[in-house]
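Structure below is my_file_7.csv: CSV, N, CA and C atoms.
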```csv
chain,number,residue,atom,x,y,z
A,1114,MET,N,0.9,-1.2,0.0
A,1114,MET,CA,0.0,0.0,0.0
A,1114,MET,C,0.9,1.2,0.0
A,1115,SER,N,0.6,2.1,-0.9
A,1115,SER,CA,1.5,3.3,-1.0
A,1115,SER,C,0.9,4.5,-0.2
A,1116,VAL,N,1.8,5.5,0.1
A,1116,VAL,CA,1.4,6.7,0.7
A,1116,VAL,C,0.3,7.4,-0.1
A,1117,ARG,N,0.5,7.4,-1.4
A,1117,ARG,CA,-0.5,8.0,-2.3
A,1117,ARG,C,-1.9,7.4,-2.1
A,1118,GLU,N,-1.9,6.1,-2.1
A,1118,GLU,CA,-3.2,5.4,-1.9
A,1118,GLU,C,-3.9,5.8,-0.6
A,1119,ILE,N,-3.1,5.8,0.5
A,1119,ILE,CA,-3.6,6.2,1.8
A,1119,ILE,C,-4.1,7.6,1.7
A,1120,GLU,N,-3.4,8.5,1.1
A,1120,GLU,CA,-3.8,9.9,1.0
A,1120,GLU,C,-5.1,10.0,0.2
A,1121,MET,N,-5.2,9.3,-0.9
A,1121,MET,CA,-6.4,9.3,-1.7
A,1121,MET,C,-7.6,8.8,-0.9
A,1122,PHE,N,-7.4,7.8,-0.1
A,1122,PHE,CA,-8.5,7.2,0.7
A,1122,PHE,C,-8.9,8.2,1.8
A,1123,ARG,N,-7.8,8.8,2.4
A,1123,ARG,CA,-8.0,9.8,3.5
A,1123,ARG,C,-8.9,10.9,3.1
A,1124,LYS,N,-8.7,11.4,1.9
A,1124,LYS,CA,-9.5,12.6,1.4
A,1124,LYS,C,-11.0,12.2,1.3
A,1125,GLY,N,-11.3,11.1,0.9
A,1125,GLY,CA,-12.7,10.6,0.9
A,1125,GLY,C,-13.7,11.5,0.2
A,1126,ILE,N,-14.9,11.1,0.3
A,1126,ILE,CA,-16.0,11.9,-0.3
A,1126,ILE,C,-17.1,12.3,0.7
A,1127,TYR,N,-16.9,11.9,2.0
A,1127,TYR,CA,-17.9,12.1,3.0
A,1127,TYR,C,-17.6,13.3,3.9
A,1128,LYS,N,-18.1,14.4,3.5
A,1128,LYS,CA,-17.8,15.6,4.3
A,1128,LYS,C,-18.7,15.8,5.5
A,1129,ALA,N,-19.8,15.1,5.6
A,1129,ALA,CA,-20.8,15.3,6.7
A,1129,ALA,C,-20.5,14.2,7.8
A,1130,LYS,N,-19.5,13.4,7.7
A,1130,LYS,CA,-19.3,12.4,8.7
A,1130,LYS,C,-18.5,12.9,9.9
A,1131,SER,N,-18.5,12.2,11.0
A,1131,SER,CA,-17.8,12.7,12.2
A,1131,SER,C,-16.3,12.5,12.0
A,1132,VAL,N,-15.5,13.2,12.8
A,1132,VAL,CA,-14.1,13.1,12.9
A,1132,VAL,C,-13.7,11.6,13.3
A,1133,LEU,N,-14.5,11.1,14.2
A,1133,LEU,CA,-14.2,9.7,14.7
A,1133,LEU,C,-14.4,8.8,13.5
A,1134,TYR,N,-15.4,8.9,12.7
A,1134,TYR,CA,-15.6,8.1,11.5
A,1134,TYR,C,-14.5,8.2,10.6
A,1135,GLU,N,-14.1,9.4,10.3
A,1135,GLU,CA,-13.0,9.6,9.3
A,1135,GLU,C,-11.7,9.0,9.8
A,1136,ASN,N,-11.4,9.2,11.1
A,1136,ASN,CA,-10.2,8.6,11.6
A,1136,ASN,C,-10.2,7.1,11.6
A,1137,ASN,N,-11.3,6.5,12.0
A,1137,ASN,CA,-11.5,5.1,12.1
A,1137,ASN,C,-11.6,4.4,10.7
A,1138,ARG,N,-12.2,5.2,9.8
A,1138,ARG,CA,-12.3,4.7,8.4
A,1138,ARG,C,-10.9,4.5,7.8
A,1139,LEU,N,-10.0,5.5,8.0
A,1139,LEU,CA,-8.6,5.4,7.5
A,1139,LEU,C,-7.9,4.3,8.2
A,1140,SER,N,-8.0,4.3,9.5
A,1140,SER,CA,-7.3,3.2,10.3
A,1140,SER,C,-7.8,1.8,9.8
A,1141,LYS,N,-9.0,1.7,9.5
A,1141,LYS,CA,-9.6,0.4,9.1
A,1141,LYS,C,-9.0,0.0,7.7
A,1142,TYR,N,-8.9,1.0,6.8
A,1142,TYR,CA,-8.4,0.8,5.5
A,1142,TYR,C,-6.9,0.3,5.6
A,1143,VAL,N,-6.1,1.0,6.5
A,1143,VAL,CA,-4.7,0.6,6.6
A,1143,VAL,C,-4.6,-0.8,7.3
A,1144,SER,N,-5.4,-1.0,8.3
A,1144,SER,CA,-5.3,-2.3,9.0
A,1144,SER,C,-5.7,-3.5,8.2
A,1145,GLN,N,-6.7,-3.3,7.2
A,1145,GLN,CA,-7.1,-4.3,6.3
A,1145,GLN,C,-6.1,-4.3,5.1
A,1146,LYS,N,-5.1,-3.5,5.1
A,1146,LYS,CA,-4.1,-3.5,4.0
A,1146,LYS,C,-4.8,-3.2,2.7
A,1147,GLY,N,-5.8,-2.4,2.7
A,1147,GLY,CA,-6.5,-2.0,1.5
A,1147,GLY,C,-7.3,-3.2,0.9
A,1148,SER,N,-7.6,-4.2,1.6
A,1148,SER,CA,-8.2,-5.4,1.1
A,1148,SER,C,-9.7,-5.4,1.5
A,1149,CYS,N,-10.5,-6.0,0.7
A,1149,CYS,CA,-12.0,-6.2,1.0
A,1149,CYS,C,-12.2,-7.1,2.1
A,1150,GLY,N,-13.0,-6.7,3.1
A,1150,GLY,CA,-13.4,-7.5,4.2
A,1150,GLY,C,-14.3,-8.7,3.9
A,1151,ILE,N,-14.8,-8.8,2.7
A,1151,ILE,CA,-15.6,-9.9,2.2
A,1151,ILE,C,-14.8,-10.9,1.5
A,1152,THR,N,-14.1,-10.5,0.5
A,1152,THR,CA,-13.4,-11.4,-0.4
A,1152,THR,C,-11.9,-11.4,-0.2
A,1153,GLY,N,-11.3,-10.4,0.4
A,1153,GLY,CA,-9.9,-10.3,0.6
A,1153,GLY,C,-9.1,-9.7,-0.6
A,1154,GLU,N,-9.8,-9.4,-1.6
A,1154,GLU,CA,-9.2,-8.8,-2.8
A,1154,GLU,C,-8.6,-7.4,-2.5
A,1155,ARG,N,-7.5,-7.1,-3.1
A,1155,ARG,CA,-6.9,-5.8,-3.0
A,1155,ARG,C,-7.8,-4.7,-3.7
A,1156,LEU,N,-8.0,-3.6,-3.0
A,1156,LEU,CA,-8.9,-2.6,-3.5
A,1156,LEU,C,-8.1,-1.3,-3.7
A,1157,THR,N,-8.4,-0.5,-4.7
A,1157,THR,CA,-7.9,0.8,-4.9
A,1157,THR,C,-8.8,1.7,-4.0
A,1158,PRO,N,-8.3,2.9,-3.7
A,1158,PRO,CA,-9.2,3.8,-2.9
A,1158,PRO,C,-10.5,4.1,-3.5
A,1159,HIS,N,-10.6,4.1,-4.8
A,1159,HIS,CA,-11.8,4.3,-5.5
A,1159,HIS,C,-12.8,3.1,-5.4
A,1160,GLN,N,-12.3,2.0,-5.2
A,1160,GLN,CA,-13.1,0.8,-5.2
A,1160,GLN,C,-13.6,0.5,-3.7
A,1161,ALA,N,-12.9,1.1,-2.8
A,1161,ALA,CA,-13.2,0.8,-1.3
A,1161,ALA,C,-14.3,1.7,-0.8
A,1162,ILE,N,-15.1,1.1,0.1
A,1162,ILE,CA,-16.1,1.9,0.8
A,1162,ILE,C,-16.1,1.4,2.3
A,1163,CYS,N,-16.3,2.3,3.2
A,1163,CYS,CA,-16.3,1.9,4.6
A,1163,CYS,C,-17.8,1.7,5.0
A,1164,HIS,N,-18.1,0.5,5.4
A,1164,HIS,CA,-19.4,0.1,5.7
A,1164,HIS,C,-19.6,0.0,7.2
A,1165,HIS,N,-20.7,0.5,7.7
A,1165,HIS,CA,-21.0,0.3,9.2
A,1165,HIS,C,-21.7,-1.1,9.3
A,1166,ILE,N,-21.1,-1.9,10.1
A,1166,ILE,CA,-21.6,-3.3,10.3
A,1166,ILE,C,-23.0,-3.2,10.9
A,1167,LYS,N,-23.1,-2.5,12.0
A,1167,LYS,CA,-24.5,-2.2,12.5
A,1167,LYS,C,-24.8,-0.8,12.1
A,1168,PRO,N,-25.8,-0.6,11.3
A,1168,PRO,CA,-26.1,0.7,10.8
A,1168,PRO,C,-26.3,1.8,11.8
A,1169,THR,N,-25.9,3.0,11.6
A,1169,THR,CA,-26.2,4.0,12.5
A,1169,THR,C,-27.7,4.2,12.8
A,1170,ALA,N,-28.5,4.0,11.8
A,1170,ALA,CA,-29.9,4.1,11.9
A,1170,ALA,C,-30.5,3.0,13.0
A,1171,HIS,N,-29.7,2.0,13.2
A,1171,HIS,CA,-30.1,0.9,14.2
A,1171,HIS,C,-29.3,1.0,15.4
A,1172,GLY,N,-28.6,2.2,15.7
A,1172,GLY,CA,-27.9,2.3,16.9
A,1172,GLY,C,-26.4,2.1,16.8
A,1173,GLY,N,-25.9,1.8,15.5
A,1173,GLY,CA,-24.5,1.6,15.3
A,1173,GLY,C,-23.7,2.9,15.5
A,1174,THR,N,-22.4,2.7,15.7
A,1174,THR,CA,-21.6,3.9,16.0
A,1174,THR,C,-20.5,4.0,14.9
A,1175,ASP,N,-19.7,5.0,15.0
A,1175,ASP,CA,-18.6,5.2,14.1
A,1175,ASP,C,-17.3,4.6,14.7
A,1176,ASP,N,-17.5,3.8,15.7
A,1176,ASP,CA,-16.3,3.1,16.4
A,1176,ASP,C,-15.6,2.2,15.4
A,1177,TYR,N,-14.3,2.0,15.6
A,1177,TYR,CA,-13.5,1.2,14.8
A,1177,TYR,C,-14.1,-0.2,14.6
A,1178,GLU,N,-14.5,-0.8,15.7
A,1178,GLU,CA,-15.0,-2.2,15.6
A,1178,GLU,C,-16.3,-2.3,14.8
A,1179,ASN,N,-17.0,-1.2,14.5
A,1179,ASN,CA,-18.3,-1.3,13.8
A,1179,ASN,C,-18.1,-0.9,12.3
A,1180,LEU,N,-16.8,-0.9,11.9
A,1180,LEU,CA,-16.5,-0.5,10.5
A,1180,LEU,C,-15.8,-1.6,9.8
A,1181,ILE,N,-16.1,-1.8,8.5
A,1181,ILE,CA,-15.4,-2.7,7.7
A,1181,ILE,C,-15.2,-2.1,6.3
A,1182,ILE,N,-14.0,-2.3,5.7
A,1182,ILE,CA,-13.8,-1.9,4.3
A,1182,ILE,C,-14.2,-3.0,3.4
A,1183,ILE,N,-15.1,-2.6,2.4
A,1183,ILE,CA,-15.5,-3.6,1.4
A,1183,ILE,C,-15.4,-3.0,0.0
A,1184,ASN,N,-15.5,-3.8,-1.0
A,1184,ASN,CA,-15.6,-3.4,-2.4
A,1184,ASN,C,-16.9,-2.6,-2.6
A,1185,ARG,N,-16.8,-1.4,-3.1
A,1185,ARG,CA,-18.0,-0.6,-3.3
A,1185,ARG,C,-19.1,-1.4,-4.2
A,1186,SER,N,-18.6,-2.3,-5.1
A,1186,SER,CA,-19.5,-3.0,-5.9
A,1186,SER,C,-20.4,-4.0,-5.1
A,1187,TYR,N,-19.8,-4.5,-3.9
A,1187,TYR,CA,-20.5,-5.5,-3.1
A,1187,TYR,C,-21.5,-4.9,-2.1
A,1188,HIS,N,-21.4,-3.5,-1.9
A,1188,HIS,CA,-22.2,-2.9,-0.9
A,1188,HIS,C,-23.7,-3.1,-1.0
A,1189,MET,N,-24.2,-3.1,-2.3
A,1189,MET,CA,-25.6,-3.4,-2.5
A,1189,MET,C,-26.0,-4.8,-2.2
A,1190,LEU,N,-25.0,-5.7,-2.3
A,1190,LEU,CA,-25.3,-7.1,-1.9
A,1190,LEU,C,-25.7,-7.2,-0.5
A,1191,VAL,N,-25.2,-6.3,0.3
A,1191,VAL,CA,-25.5,-6.3,1.8
A,1191,VAL,C,-26.9,-5.6,2.0
A,1192,HIS,N,-27.1,-4.5,1.3
A,1192,HIS,CA,-28.3,-3.7,1.5
A,1192,HIS,C,-29.6,-4.0,0.7
A,1193,THR,N,-29.4,-4.7,-0.4
A,1193,THR,CA,-30.6,-5.0,-1.2
A,1193,THR,C,-31.3,-6.2,-0.6
A,1194,LYS,N,-32.7,-6.0,-0.5
A,1194,LYS,CA,-33.5,-7.0,0.2
A,1194,LYS,C,-33.4,-8.4,-0.5
A,1195,ASP,N,-33.4,-8.4,-1.9
A,1195,ASP,CA,-33.4,-9.6,-2.6
A,1195,ASP,C,-32.4,-9.5,-3.8
A,1196,PRO,N,-31.1,-9.6,-3.5
A,1196,PRO,CA,-30.1,-9.4,-4.6
A,1196,PRO,C,-30.2,-10.6,-5.7
A,1197,LEU,N,-30.8,-11.7,-5.3
A,1197,LEU,CA,-30.9,-12.8,-6.2
A,1197,LEU,C,-31.9,-12.5,-7.4
A,1198,ALA,N,-32.7,-11.4,-7.2
A,1198,ALA,CA,-33.6,-11.0,-8.3
A,1198,ALA,C,-32.9,-10.2,-9.4
A,1199,ASN,N,-31.7,-9.9,-9.1
A,1199,ASN,CA,-30.9,-9.1,-10.1
A,1199,ASN,C,-29.8,-10.0,-10.7
A,1200,LYS,N,-29.9,-10.1,-12.0
A,1200,LYS,CA,-28.9,-11.0,-12.7
A,1200,LYS,C,-27.5,-10.6,-12.5
A,1201,ASP,N,-27.2,-9.3,-12.5
A,1201,ASP,CA,-25.8,-8.9,-12.3
A,1201,ASP,C,-25.3,-9.3,-10.9
A,1202,TYR,N,-26.2,-9.2,-9.9
A,1202,TYR,CA,-25.8,-9.6,-8.5
A,1202,TYR,C,-25.6,-11.1,-8.5
A,1203,VAL,N,-26.4,-11.8,-9.2
A,1203,VAL,CA,-26.3,-13.3,-9.2
A,1203,VAL,C,-24.9,-13.7,-9.8
A,1204,LYS,N,-24.5,-13.0,-10.9
A,1204,LYS,CA,-23.2,-13.3,-11.5
A,1204,LYS,C,-22.1,-13.0,-10.6
A,1205,MET,N,-22.2,-11.9,-9.9
A,1205,MET,CA,-21.2,-11.5,-8.9
A,1205,MET,C,-21.1,-12.5,-7.8
A,1206,LEU,N,-22.2,-12.9,-7.3
A,1206,LEU,CA,-22.2,-13.9,-6.2
A,1206,LEU,C,-21.6,-15.3,-6.6
A,1207,ALA,N,-21.8,-15.6,-7.9
A,1207,ALA,CA,-21.4,-16.9,-8.4
A,1207,ALA,C,-19.8,-17.0,-8.4
A,1208,ARG,N,-19.2,-15.9,-8.3
A,1208,ARG,CA,-17.7,-15.9,-8.3
A,1208,ARG,C,-17.1,-16.0,-6.9
A,1209,PHE,N,-18.0,-15.8,-5.9
A,1209,PHE,CA,-17.6,-15.8,-4.5
A,1209,PHE,C,-17.3,-17.2,-4.0
A,1210,GLU,N,-16.3,-17.3,-3.1
A,1210,GLU,CA,-16.1,-18.6,-2.4
A,1210,GLU,C,-17.1,-18.6,-1.2
A,1211,LYS,N,-17.3,-19.8,-0.6
A,1211,LYS,CA,-18.2,-20.0,0.5
A,1211,LYS,C,-17.9,-19.0,1.6
A,1212,LYS,N,-16.6,-18.8,1.9
A,1212,LYS,CA,-16.2,-17.9,3.0
A,1212,LYS,C,-16.8,-16.5,2.8
A,1213,ALA,N,-16.7,-16.0,1.5
A,1213,ALA,CA,-17.2,-14.7,1.2
A,1213,ALA,C,-18.7,-14.6,1.3
A,1214,ILE,N,-19.4,-15.7,0.9
A,1214,ILE,CA,-20.9,-15.7,1.0
A,1214,ILE,C,-21.3,-15.7,2.5
A,1215,ASN,N,-20.5,-16.4,3.3
A,1215,ASN,CA,-20.8,-16.4,4.8
A,1215,ASN,C,-20.6,-15.0,5.3
A,1216,LYS,N,-19.6,-14.2,4.9
A,1216,LYS,CA,-19.4,-12.9,5.3
A,1216,LYS,C,-20.5,-11.9,4.9
A,1217,ILE,N,-20.9,-12.1,3.6
A,1217,ILE,CA,-22.0,-11.3,3.1
A,1217,ILE,C,-23.3,-11.5,4.0
A,1218,ASN,N,-23.5,-12.8,4.3
A,1218,ASN,CA,-24.7,-13.1,5.1
A,1218,ASN,C,-24.6,-12.6,6.5
A,1219,GLU,N,-23.4,-12.5,7.1
A,1219,GLU,CA,-23.2,-11.9,8.4
A,1219,GLU,C,-23.6,-10.4,8.3
A,1220,LEU,N,-23.1,-9.7,7.3
A,1220,LEU,CA,-23.3,-8.3,7.1
A,1220,LEU,C,-24.8,-8.1,6.8
A,1221,ARG,N,-25.4,-8.9,6.0
A,1221,ARG,CA,-26.8,-8.8,5.7
A,1221,ARG,C,-27.7,-8.9,6.9
A,1222,THR,N,-27.4,-9.8,7.8
A,1222,THR,CA,-28.1,-10.0,9.0
A,1222,THR,C,-28.0,-8.8,9.9
A,1223,GLU,N,-26.9,-8.2,10.0
A,1223,GLU,CA,-26.7,-7.0,10.8
A,1223,GLU,C,-27.5,-5.8,10.3
A,1224,VAL,N,-27.8,-5.7,9.0
A,1224,VAL,CA,-28.6,-4.6,8.5
A,1224,VAL,C,-30.1,-5.0,8.4
A,1225,GLY,N,-30.4,-6.2,8.8
A,1225,GLY,CA,-31.8,-6.6,8.9
A,1225,GLY,C,-32.3,-7.3,7.6
A,1226,ASN,N,-31.4,-7.8,6.8
A,1226,ASN,CA,-31.8,-8.5,5.6
A,1226,ASN,C,-31.6,-10.0,5.8
A,1227,PRO,N,-32.4,-10.8,5.1
A,1227,PRO,CA,-32.3,-12.3,5.3
A,1227,PRO,C,-31.0,-12.8,4.7
A,1228,LYS,N,-30.5,-13.9,5.2
A,1228,LYS,CA,-29.3,-14.5,4.6
A,1228,LYS,C,-29.7,-15.0,3.2
A,1229,LEU,N,-28.7,-15.1,2.4
A,1229,LEU,CA,-28.8,-15.6,1.0
A,1229,LEU,C,-28.6,-17.1,1.1
A,1230,SER,N,-29.5,-17.8,0.4
A,1230,SER,CA,-29.3,-19.3,0.3
A,1230,SER,C,-29.0,-19.6,-1.2
A,1231,LEU,N,-27.8,-20.0,-1.4
A,1231,LEU,CA,-27.3,-20.2,-2.8
A,1231,LEU,C,-27.1,-21.7,-3.1
```
What do you get writing this file as structure tokens?
Amino acid sequence: MSVREIEMFRKGIYKAKSVLYENNRLSKYVSQKGSCGITGERLTPHQAICHHIKPTAHGGTDDYENLIIINRSYHMLVHTKDPLANKDYVKMLARFEKKAINKINELRTEVGNPKLSL
């Protein structure tokens, strides 16, 4: 991971978030070595998004333990009620290993969505 990547990620696009969120978001990106918390693939700063494991709308916080860096493309797999109704999401899920599907299901449960049965 380069200093340039860290700086790009640090700048971010979220101006309305708390200082705690911004600090923990950067720390999480560095601690995960810029890798997706679902698949383990290496992400560029533009591909990475910081996801609240327990949504703030459900009482989640900006604490480090409640954040995970994931691929921006996978974010909707967590939040969409029925991603299996979308052929693009089905194709995406078909490439995942069982471990990644289990992680998606953990995150889906935390946001109040049912687990996927593939």
How would you write as a JSON list (two decimals) with N, CA and C atoms, in the frame of the given file the residues that get within 8 Å of (-23.5, 0.1, 11.5) in the file's frame, counting all atoms listed in the file?
```
[["chain", "number", "residue", "atom", "x", "y", "z"],
["A", 1164, "HIS", "N", -18.10, 0.50, 5.40],
["A", 1164, "HIS", "CA", -19.40, 0.10, 5.70],
["A", 1164, "HIS", "C", -19.60, 0.00, 7.20],
["A", 1165, "HIS", "N", -20.70, 0.50, 7.70],
["A", 1165, "HIS", "CA", -21.00, 0.30, 9.20],
["A", 1165, "HIS", "C", -21.70, -1.10, 9.30],
["A", 1166, "ILE", "N", -21.10, -1.90, 10.10],
["A", 1166, "ILE", "CA", -21.60, -3.30, 10.30],
["A", 1166, "ILE", "C", -23.00, -3.20, 10.90],
["A", 1167, "LYS", "N", -23.10, -2.50, 12.00],
["A", 1167, "LYS", "CA", -24.50, -2.20, 12.50],
["A", 1167, "LYS", "C", -24.80, -0.80, 12.10],
["A", 1168, "PRO", "N", -25.80, -0.60, 11.30],
["A", 1168, "PRO", "CA", -26.10, 0.70, 10.80],
["A", 1168, "PRO", "C", -26.30, 1.80, 11.80],
["A", 1169, "THR", "N", -25.90, 3.00, 11.60],
["A", 1169, "THR", "CA", -26.20, 4.00, 12.50],
["A", 1169, "THR", "C", -27.70, 4.20, 12.80],
["A", 1170, "ALA", "N", -28.50, 4.00, 11.80],
["A", 1170, "ALA", "CA", -29.90, 4.10, 11.90],
["A", 1170, "ALA", "C", -30.50, 3.00, 13.00],
["A", 1171, "HIS", "N", -29.70, 2.00, 13.20],
["A", 1171, "HIS", "CA", -30.10, 0.90, 14.20],
["A", 1171, "HIS", "C", -29.30, 1.00, 15.40],
["A", 1172, "GLY", "N", -28.60, 2.20, 15.70],
["A", 1172, "GLY", "CA", -27.90, 2.30, 16.90],
["A", 1172, "GLY", "C", -26.40, 2.10, 16.80],
["A", 1173, "GLY", "N", -25.90, 1.80, 15.50],
["A", 1173, "GLY", "CA", -24.50, 1.60, 15.30],
["A", 1173, "GLY", "C", -23.70, 2.90, 15.50],
["A", 1174, "THR", "N", -22.40, 2.70, 15.70],
["A", 1174, "THR", "CA", -21.60, 3.90, 16.00],
["A", 1174, "THR", "C", -20.50, 4.00, 14.90],
["A", 1175, "ASP", "N", -19.70, 5.00, 15.00],
["A", 1175, "ASP", "CA", -18.60, 5.20, 14.10],
["A", 1175, "ASP", "C", -17.30, 4.60, 14.70],
["A", 1179, "ASN", "N", -17.00, -1.20, 14.50],
["A", 1179, "ASN", "CA", -18.30, -1.30, 13.80],
["A", 1179, "ASN", "C", -18.10, -0.90, 12.30],
["A", 1180, "LEU", "N", -16.80, -0.90, 11.90],
["A", 1180, "LEU", "CA", -16.50, -0.50, 10.50],
["A", 1180, "LEU", "C", -15.80, -1.60, 9.80],
["A", 1223, "GLU", "N", -26.90, -8.20, 10.00],
["A", 1223, "GLU", "CA", -26.70, -7.00, 10.80],
["A", 1223, "GLU", "C", -27.50, -5.80, 10.30],
["A", 1224, "VAL", "N", -27.80, -5.70, 9.00],
["A", 1224, "VAL", "CA", -28.60, -4.60, 8.50],
["A", 1224, "VAL", "C", -30.10, -5.00, 8.40]]
```
TODO: Can you pull out every residue within 8 Å of Thr1157 in chain A, counting only C-alpha atoms, but drop anything in the same chain fewer than 2 positions away, and send it as number ranges by chain?
DONE: A: 1118, 1147, 1155, 1159-1161
Task: d(CA of Glu1178 in chain A, CA of Pro1196 in chain A) in Å - done: 26.2 Å
Open item on the list: as a PyMOL selection string, please: every residue in range 1142-1227 of chain A that DSSP puts in alpha helix (DSSP H).
Closed with: chain A and resi 1142-1144+1188-1192+1200-1207+1211-1223
- [ ] Measure the distance from CA of Lys1194 in chain A to atom C of Cys1163 in chain A in Å and round it to one decimal.
- [x]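 So the two atoms, CA of Lys1194 in chain A and atom C of Cys1163 in chain A, lie 18.6 Å apart.
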Task: Which of chain A fall in strand (DSSP E or B), as a PyMOL selection string - done: chain A and resi 1148+1155+1161-1165+1180-1184
Extract, using all atoms listed in the file, all DNA, RNA and protein residues at most 8 Å from Arg1138 in chain A, discarding same-chain residues fewer than 5 positions from it, and format them as a PDB file with N, CA and C atoms, keeping the file's coordinate frame.
```
ATOM      1  N   PHE A1122      -7.400   7.800  -0.100  1.00  0.00           N
ATOM      2  CA  PHE A1122      -8.500   7.200   0.700  1.00  0.00           C
ATOM      3  C   PHE A1122      -8.900   8.200   1.800  1.00  0.00           C
ATOM      4  N   ARG A1123      -7.800   8.800   2.400  1.00  0.00           N
ATOM      5  CA  ARG A1123      -8.000   9.800   3.500  1.00  0.00           C
ATOM      6  C   ARG A1123      -8.900  10.900   3.100  1.00  0.00           C
ATOM      7  N   VAL A1132     -15.500  13.200  12.800  1.00  0.00           N
ATOM      8  CA  VAL A1132     -14.100  13.100  12.900  1.00  0.00           C
ATOM      9  C   VAL A1132     -13.700  11.600  13.300  1.00  0.00           C
ATOM     10  N   LEU A1133     -14.500  11.100  14.200  1.00  0.00           N
ATOM     11  CA  LEU A1133     -14.200   9.700  14.700  1.00  0.00           C
ATOM     12  C   LEU A1133     -14.400   8.800  13.500  1.00  0.00           C
ATOM     13  N   VAL A1143      -6.100   1.000   6.500  1.00  0.00           N
ATOM     14  CA  VAL A1143      -4.700   0.600   6.600  1.00  0.00           C
ATOM     15  C   VAL A1143      -4.600  -0.800   7.300  1.00  0.00           C
ATOM     16  N   SER A1144      -5.400  -1.000   8.300  1.00  0.00           N
ATOM     17  CA  SER A1144      -5.300  -2.300   9.000  1.00  0.00           C
ATOM     18  C   SER A1144      -5.700  -3.500   8.200  1.00  0.00           C
ATOM     19  N   ILE A1162     -15.100   1.100   0.100  1.00  0.00           N
ATOM     20  CA  ILE A1162     -16.100   1.900   0.800  1.00  0.00           C
ATOM     21  C   ILE A1162     -16.100   1.400   2.300  1.00  0.00           C
ATOM     22  N   CYS A1163     -16.300   2.300   3.200  1.00  0.00           N
ATOM     23  CA  CYS A1163     -16.300   1.900   4.600  1.00  0.00           C
ATOM     24  C   CYS A1163     -17.800   1.700   5.000  1.00  0.00           C
ATOM     25  N   HIS A1164     -18.100   0.500   5.400  1.00  0.00           N
ATOM     26  CA  HIS A1164     -19.400   0.100   5.700  1.00  0.00           C
ATOM     27  C   HIS A1164     -19.600   0.000   7.200  1.00  0.00           C
ATOM     28  N   ASP A1175     -19.700   5.000  15.000  1.00  0.00           N
ATOM     29  CA  ASP A1175     -18.600   5.200  14.100  1.00  0.00           C
ATOM     30  C   ASP A1175     -17.300   4.600  14.700  1.00  0.00           C
ATOM     31  N   ASP A1176     -17.500   3.800  15.700  1.00  0.00           N
ATOM     32  CA  ASP A1176     -16.300   3.100  16.400  1.00  0.00           C
ATOM     33  C   ASP A1176     -15.600   2.200  15.400  1.00  0.00           C
ATOM     34  N   TYR A1177     -14.300   2.000  15.600  1.00  0.00           N
ATOM     35  CA  TYR A1177     -13.500   1.200  14.800  1.00  0.00           C
ATOM     36  C   TYR A1177     -14.100  -0.200  14.600  1.00  0.00           C
ATOM     37  N   LEU A1180     -16.800  -0.900  11.900  1.00  0.00           N
ATOM     38  CA  LEU A1180     -16.500  -0.500  10.500  1.00  0.00           C
ATOM     39  C   LEU A1180     -15.800  -1.600   9.800  1.00  0.00           C
ATOM     40  N   ILE A1181     -16.100  -1.800   8.500  1.00  0.00           N
ATOM     41  CA  ILE A1181     -15.400  -2.700   7.700  1.00  0.00           C
ATOM     42  C   ILE A1181     -15.200  -2.100   6.300  1.00  0.00           C
ATOM     43  N   ILE A1182     -14.000  -2.300   5.700  1.00  0.00           N
ATOM     44  CA  ILE A1182     -13.800  -1.900   4.300  1.00  0.00           C
ATOM     45  C   ILE A1182     -14.200  -3.000   3.400  1.00  0.00           C
TER      46      ILE A1182
END
```
Open item on the list: Excluding Ile1214 in chain A and its own-chain neighbours fewer than 3 positions away, which residues fall within 9 Å of it when counting only C-alpha atoms? Please give them as a PyMOL selection string.
Closed with: chain A and resi 1151-1152+1206+1209-1211+1217-1219+1229+1231
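For the atom pair formed by CA of Gln1145 in chain A and CA of Val1191 in chain A, the distance is 19.0 Å, given to one decimal.
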